[in-house]
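Notes to accompany the following structure.
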Amino acid sequence: MIRLENLQKTFVVDGRAVPALDGISLEVPAGEVFGIIGRSGAGKSTLIRMLNLLERPDSGRIFVDGHDISGLSDAALRGVRQQIGMVFQHFNLLSSRTVAQNVRLPLELTASGSRAEQDARVAELLELVGLREHRDKYPSQLSGGQKQRVGIARALANRPKLLLCDEATSALDPQTTQAILDLIADINRKLELTVVLITHEMGVIRRIADRVAVIDAGAIVEIGAVSDVFLHPQHPATQSMVAELSHADELEDSGLLASATGAVWRLTFVGATTHEPILFDTASRYGLSFSLLQGTVSRLKDLPYGQLVVEWHGEASRLAEAREGLAARDVVVEVLR
């Protein structure tokens, strides 16, 4: 669906060249929810705006649905952009138009269908995003979550193949954020849309994305399945963001690791193994005792996972056997001490 080849972008600020993107290359298959995460100033907003050429690269090529759009004129881009919807952080609704009129706007601009067909499309979209009863309200009468639902409906008006989400939940409270992410995931499944979202929150990636790219200082420093990047981060930028979400640094700060007298392992497992009594089985089979120092059992989108820090006590030979036994059950063992 999307292929980027060696994108470069530099801005000039106060007479000084400031690199924004440095050799970005990646691919996003059709139907995937692809996340781009990075700190403020990392280049993620510039990158997502290049996917519909709101920002043009200095060099490199952008392919959308097999077509190179990099050199298209503004006139030629209009047709392409009808196939690319965009959801904005601050909603960007027209305050003088009702909910239904805001959703209708892209249809009016592209002269898509008759008035009756537009009415039917607006009604369909408002039903999809759960705002049928709010069609005649104005943005000032809506909550933040409702405004974003209008923004999503508007972005879908012309039946795009690609949906871009630019920090779509960062202005929302946690409960509303979850509801909006659930809506985007539902739309991805029902409409088979490709979704690219940018965020600075690893929790957003964990909840909705299939794959993720980590951007730092204008470069992609890590990319892969969310389960791999989230559970086994390699780059310092990724490790820092994951630690903030998982509270991994709290183990060190608590003193539990320093005061441990046994072997301390971090165990990571995904899928069906998450529901198995791994600790009890291991302790019973190898004659070990254990203490749970820290743990998380949750989901990465639809994939259950667990990550536990465990202190073990027992003979060295039995501990070695236990490590082999855990590995045989597809449990990743990281020795912390």
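Lettering and numbering for the structure tokens are positional, with chains as A, B, ... in the shown order, residues counted from 1 in each chain, and ligands counted from 1 in the shown order.
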Please, which residues in range 159-204 of chain A fall within 6 Å of range 33-48 of chain A when counting only C-alpha atoms, and what is the closest atom pair and distance in Å to one decimal for each, ordered by chain then residue number, as JSON lines?
{"residue": "A:Val195", "atom": "CA", "partner": "A:Val33", "partner_atom": "CA", "distance": 4.6}
{"residue": "A:Val196", "atom": "CA", "partner": "A:Phe34", "partner_atom": "CA", "distance": 4.8}
{"residue": "A:Leu197", "atom": "CA", "partner": "A:Gly35", "partner_atom": "CA", "distance": 5.0}
{"residue": "A:Ile198", "atom": "CA", "partner": "A:Ile36", "partner_atom": "CA", "distance": 4.6}
{"residue": "A:Thr199", "atom": "CA", "partner": "A:Ile37", "partner_atom": "CA", "distance": 5.1}
{"residue": "A:His200", "atom": "CA", "partner": "A:Gly38", "partner_atom": "CA", "distance": 5.2}
Produce a file of the selected residues containing N, CA and C atoms, as a short mmCIF file (atom, residue, chain, number, x, y, z; two decimals), in the first residue's frame.
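Output file part37.cif is given in full below:
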data_model
loop_
_atom_site.label_atom_id
_atom_site.label_comp_id
_atom_site.auth_asym_id
_atom_site.auth_seq_id
_atom_site.Cartn_x
_atom_site.Cartn_y
_atom_site.Cartn_z
N VAL A 195 -4.22 1.87 7.96
CA VAL A 195 -4.16 2.97 8.91
C VAL A 195 -2.71 3.24 9.28
N VAL A 196 -2.30 4.48 9.17
CA VAL A 196 -0.98 4.91 9.66
C VAL A 196 -1.22 5.97 10.73
N LEU A 197 -0.69 5.73 11.91
CA LEU A 197 -0.89 6.69 12.99
C LEU A 197 0.45 7.07 13.60
N ILE A 198 0.53 8.33 14.04
CA ILE A 198 1.72 8.76 14.75
C ILE A 198 1.32 9.12 16.17
N THR A 199 2.24 8.90 17.08
CA THR A 199 1.96 9.16 18.49
C THR A 199 3.28 9.24 19.25
N HIS A 200 3.23 9.83 20.43
CA HIS A 200 4.38 9.78 21.33
C HIS A 200 4.10 8.85 22.50
#
Practice task
Tell me, in Å to one decimal, how far CA of Thr177 in chain A is from CA of Gly144 in chain A.
Solution key: 9.9 Å
Exercise for the section: Pick out the closest residue to Val214 in chain A from this set: A:Leu53, A:His90, A:Ala320, A:Ile24. Count only C-alpha atoms. Expected result: A:Ile24
Handout entry: Who sits within 10 Å of range 117-125 of chain A, only C-alpha atoms, same chain under 5 positions skipped, as an NGL selection string
Key = :A and (99-105 or 107-108 or 111-112 or 130-132 or 135 or 149-150 or 152-159)
Exercise for the section: Please measure the separation of CA of Ala219 in chain A and CA of Ser70 in chain A, giving the value in Å to one decimal. Expected result: 19.4 Å
Exercise for the section: Please give the complete set of residues from range 46-114 of chain A that DSSP, run on the backbone, assigns to alpha helix (DSSP H), formatted as a PyMOL selection string. Expected result: chain A and resi 46-50+74-81+99-109
Problem - Pick from A:Arg206, A:Glu201, A:Ala272, A:Ile187, whichever lies nearest to Met241 in chain A using only C-alpha atoms - result: A:Glu201
Using only C-alpha atoms, which residues sit within 6 Å of range 59-66 of chain A once same-chain residues fewer than 4 positions away are excluded, as a PDB file with N, CA and C atoms, in the first residue's frame?
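Wrote it out as part-v3.pdb, contents follow:
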ATOM      1  N   MET A   1       0.830  -1.210   0.000  1.00  0.00           N
ATOM      2  CA  MET A   1       0.000   0.000   0.000  1.00  0.00           C
ATOM      3  C   MET A   1       0.868   1.266   0.000  1.00  0.00           C
ATOM      4  N   ILE A   2       1.869   1.279   0.920  1.00  0.00           N
ATOM      5  CA  ILE A   2       2.759   2.448   1.021  1.00  0.00           C
ATOM      6  C   ILE A   2       4.204   1.967   0.959  1.00  0.00           C
ATOM      7  N   ARG A   3       5.004   2.662   0.167  1.00  0.00           N
ATOM      8  CA  ARG A   3       6.446   2.402   0.157  1.00  0.00           C
ATOM      9  C   ARG A   3       7.183   3.726   0.113  1.00  0.00           C
ATOM     10  N   LEU A   4       8.058   3.930   1.068  1.00  0.00           N
ATOM     11  CA  LEU A   4       8.871   5.148   1.128  1.00  0.00           C
ATOM     12  C   LEU A   4      10.316   4.776   0.837  1.00  0.00           C
ATOM     13  N   GLU A   5      10.961   5.568  -0.003  1.00  0.00           N
ATOM     14  CA  GLU A   5      12.340   5.287  -0.395  1.00  0.00           C
ATOM     15  C   GLU A   5      13.231   6.486  -0.112  1.00  0.00           C
ATOM     16  N   ASN A   6      14.037   6.362   0.912  1.00  0.00           N
ATOM     17  CA  ASN A   6      15.111   7.313   1.218  1.00  0.00           C
ATOM     18  C   ASN A   6      14.635   8.764   1.261  1.00  0.00           C
ATOM     19  N   LEU A   7      13.601   9.029   2.044  1.00  0.00           N
ATOM     20  CA  LEU A   7      13.074  10.392   2.146  1.00  0.00           C
ATOM     21  C   LEU A   7      14.015  11.281   2.950  1.00  0.00           C
ATOM     22  N   GLN A   8      14.265  12.468   2.400  1.00  0.00           N
ATOM     23  CA  GLN A   8      15.099  13.472   3.064  1.00  0.00           C
ATOM     24  C   GLN A   8      14.319  14.783   3.142  1.00  0.00           C
ATOM     25  N   SER A  70       5.338  11.251  -5.701  1.00  0.00           N
ATOM     26  CA  SER A  70       6.329  12.241  -5.264  1.00  0.00           C
ATOM     27  C   SER A  70       6.354  13.489  -6.136  1.00  0.00           C
TER      28      SER A  70
END
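Excluding range 225-236 of chain A itself and same-chain residues fewer than 2 positions from it, the residues having an atom within 6 Å of it are Asp210, Arg211, Val212, Thr238 and Gln239 of chain A, counting only C-alpha atoms.
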Practice task
Could you tell me how far CA of Asp216 in chain A lies from CA of Val28 in chain A, in Å and to one decimal?
Solution key: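 Value for the CA of Asp216 in chain A-CA of Val28 in chain A distance: 19.0 Å.
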Pick out the residues sitting within 12 Å of Thr261 in chain A, and hand them over as an mmCIF file with N, CA, C and O atoms, in the first residue's frame; count only C-alpha atoms, and ignore anything fewer than 2 positions along from it in its own chain.
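Final file, result-v7.cif:
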data_model
loop_
_atom_site.group_PDB
_atom_site.id
_atom_site.type_symbol
_atom_site.label_atom_id
_atom_site.label_comp_id
_atom_site.auth_asym_id
_atom_site.auth_seq_id
_atom_site.Cartn_x
_atom_site.Cartn_y
_atom_site.Cartn_z
ATOM 1 N N LEU A 256 14.446 -3.880 45.245
ATOM 2 C CA LEU A 256 14.170 -5.316 45.254
ATOM 3 C C LEU A 256 15.252 -6.100 44.514
ATOM 4 O O LEU A 256 15.626 -7.198 44.940
ATOM 5 N N LEU A 257 15.742 -5.535 43.415
ATOM 6 C CA LEU A 257 16.770 -6.235 42.647
ATOM 7 C C LEU A 257 18.075 -6.298 43.428
ATOM 8 O O LEU A 257 18.734 -7.344 43.495
ATOM 9 N N ALA A 258 18.437 -5.190 44.055
ATOM 10 C CA ALA A 258 19.697 -5.150 44.804
ATOM 11 C C ALA A 258 19.671 -6.059 46.026
ATOM 12 O O ALA A 258 20.706 -6.622 46.427
ATOM 13 N N SER A 259 18.498 -6.218 46.632
ATOM 14 C CA SER A 259 18.399 -7.016 47.856
ATOM 15 C C SER A 259 18.104 -8.486 47.595
ATOM 16 O O SER A 259 18.065 -9.293 48.526
ATOM 17 N N ALA A 263 18.524 -16.117 42.086
ATOM 18 C CA ALA A 263 18.655 -15.780 40.667
ATOM 19 C C ALA A 263 17.429 -14.991 40.239
ATOM 20 O O ALA A 263 16.298 -15.381 40.534
ATOM 21 N N VAL A 264 17.640 -13.864 39.556
ATOM 22 C CA VAL A 264 16.523 -13.025 39.120
ATOM 23 C C VAL A 264 16.461 -13.045 37.604
ATOM 24 O O VAL A 264 17.423 -12.684 36.921
ATOM 25 N N PHE A 290 10.098 -19.573 44.496
ATOM 26 C CA PHE A 290 10.203 -18.311 43.770
ATOM 27 C C PHE A 290 9.430 -17.208 44.461
ATOM 28 O O PHE A 290 8.506 -17.463 45.254
ATOM 29 N N SER A 291 9.840 -15.965 44.148
ATOM 30 C CA SER A 291 9.112 -14.768 44.558
ATOM 31 C C SER A 291 8.904 -13.910 43.318
ATOM 32 O O SER A 291 9.827 -13.732 42.514
ATOM 33 N N VAL A 310 11.133 -12.509 38.230
ATOM 34 C CA VAL A 310 10.987 -13.548 39.247
ATOM 35 C C VAL A 310 12.339 -13.831 39.902
ATOM 36 O O VAL A 310 13.364 -13.929 39.219
ATOM 37 N N GLU A 311 12.324 -13.963 41.229
ATOM 38 C CA GLU A 311 13.511 -14.390 41.972
ATOM 39 C C GLU A 311 13.360 -15.869 42.298
ATOM 40 O O GLU A 311 12.365 -16.296 42.901
ATOM 41 N N TRP A 312 14.359 -16.663 41.883
ATOM 42 C CA TRP A 312 14.326 -18.108 42.074
ATOM 43 C C TRP A 312 15.354 -18.540 43.123
ATOM 44 O O TRP A 312 16.450 -17.975 43.191
ATOM 45 N N HIS A 313 15.018 -19.565 43.874
ATOM 46 C CA HIS A 313 15.950 -20.176 44.820
ATOM 47 C C HIS A 313 15.988 -21.676 44.554
ATOM 48 O O HIS A 313 14.939 -22.321 44.441
ATOM 49 N N GLY A 314 17.221 -22.194 44.466
ATOM 50 C CA GLY A 314 17.389 -23.627 44.231
ATOM 51 C C GLY A 314 18.821 -23.923 43.825
ATOM 52 O O GLY A 314 19.659 -23.013 43.701
ATOM 53 N N ARG A 337 20.221 -11.063 37.335
ATOM 54 C CA ARG A 337 21.310 -11.243 38.301
ATOM 55 C C ARG A 337 21.397 -12.711 38.694
ATOM 56 O O ARG A 337 20.488 -13.472 38.500
#
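Counting only C-alpha atoms, Val333 in chain A has the following residues at most 8 Å away, ignoring those fewer than 3 positions along the same chain: A:Trp265, A:Arg266, A:Leu267, A:Thr268, A:Arg323, A:Leu326, A:Ala327.
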Let's have the selection written as a CSV table (one decimal), in the first residue's frame, with N, CA, C and O atoms.
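Writing the result to selection.csv gives the following:
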chain,number,residue,atom,x,y,z
A,265,TRP,N,15.3,-13.5,37.1
A,265,TRP,CA,15.1,-13.6,35.6
A,265,TRP,C,13.9,-12.7,35.2
A,265,TRP,O,12.9,-12.7,36.0
A,266,ARG,N,14.0,-12.2,34.1
A,266,ARG,CA,12.8,-11.6,33.4
A,266,ARG,C,12.2,-12.6,32.4
A,266,ARG,O,13.0,-13.0,31.5
A,267,LEU,N,11.0,-13.0,32.6
A,267,LEU,CA,10.4,-14.0,31.7
A,267,LEU,C,9.4,-13.2,30.8
A,267,LEU,O,8.5,-12.5,31.3
A,268,THR,N,9.5,-13.5,29.5
A,268,THR,CA,8.6,-12.9,28.5
A,268,THR,C,7.9,-14.0,27.7
A,268,THR,O,8.6,-14.9,27.2
A,323,ARG,N,15.8,-23.1,33.1
A,323,ARG,CA,16.0,-22.2,32.0
A,323,ARG,C,15.7,-22.9,30.7
A,323,ARG,O,15.1,-22.4,29.8
A,326,LEU,N,12.0,-23.6,30.3
A,326,LEU,CA,11.2,-22.5,29.9
A,326,LEU,C,11.4,-22.1,28.5
A,326,LEU,O,10.5,-21.8,27.8
A,327,ALA,N,12.7,-22.2,28.0
A,327,ALA,CA,12.9,-21.9,26.6
A,327,ALA,C,12.2,-22.9,25.7
A,327,ALA,O,11.7,-22.5,24.6
Practice task
Run DSSP on the backbone and grab whatever in range 87-306 of chain A lands in strand (DSSP E or B); send it over as a PyMOL selection string.
Solution key: chain A and resi 87+162-166+194-199+211-216+219-225+263-270+289-300+303-306
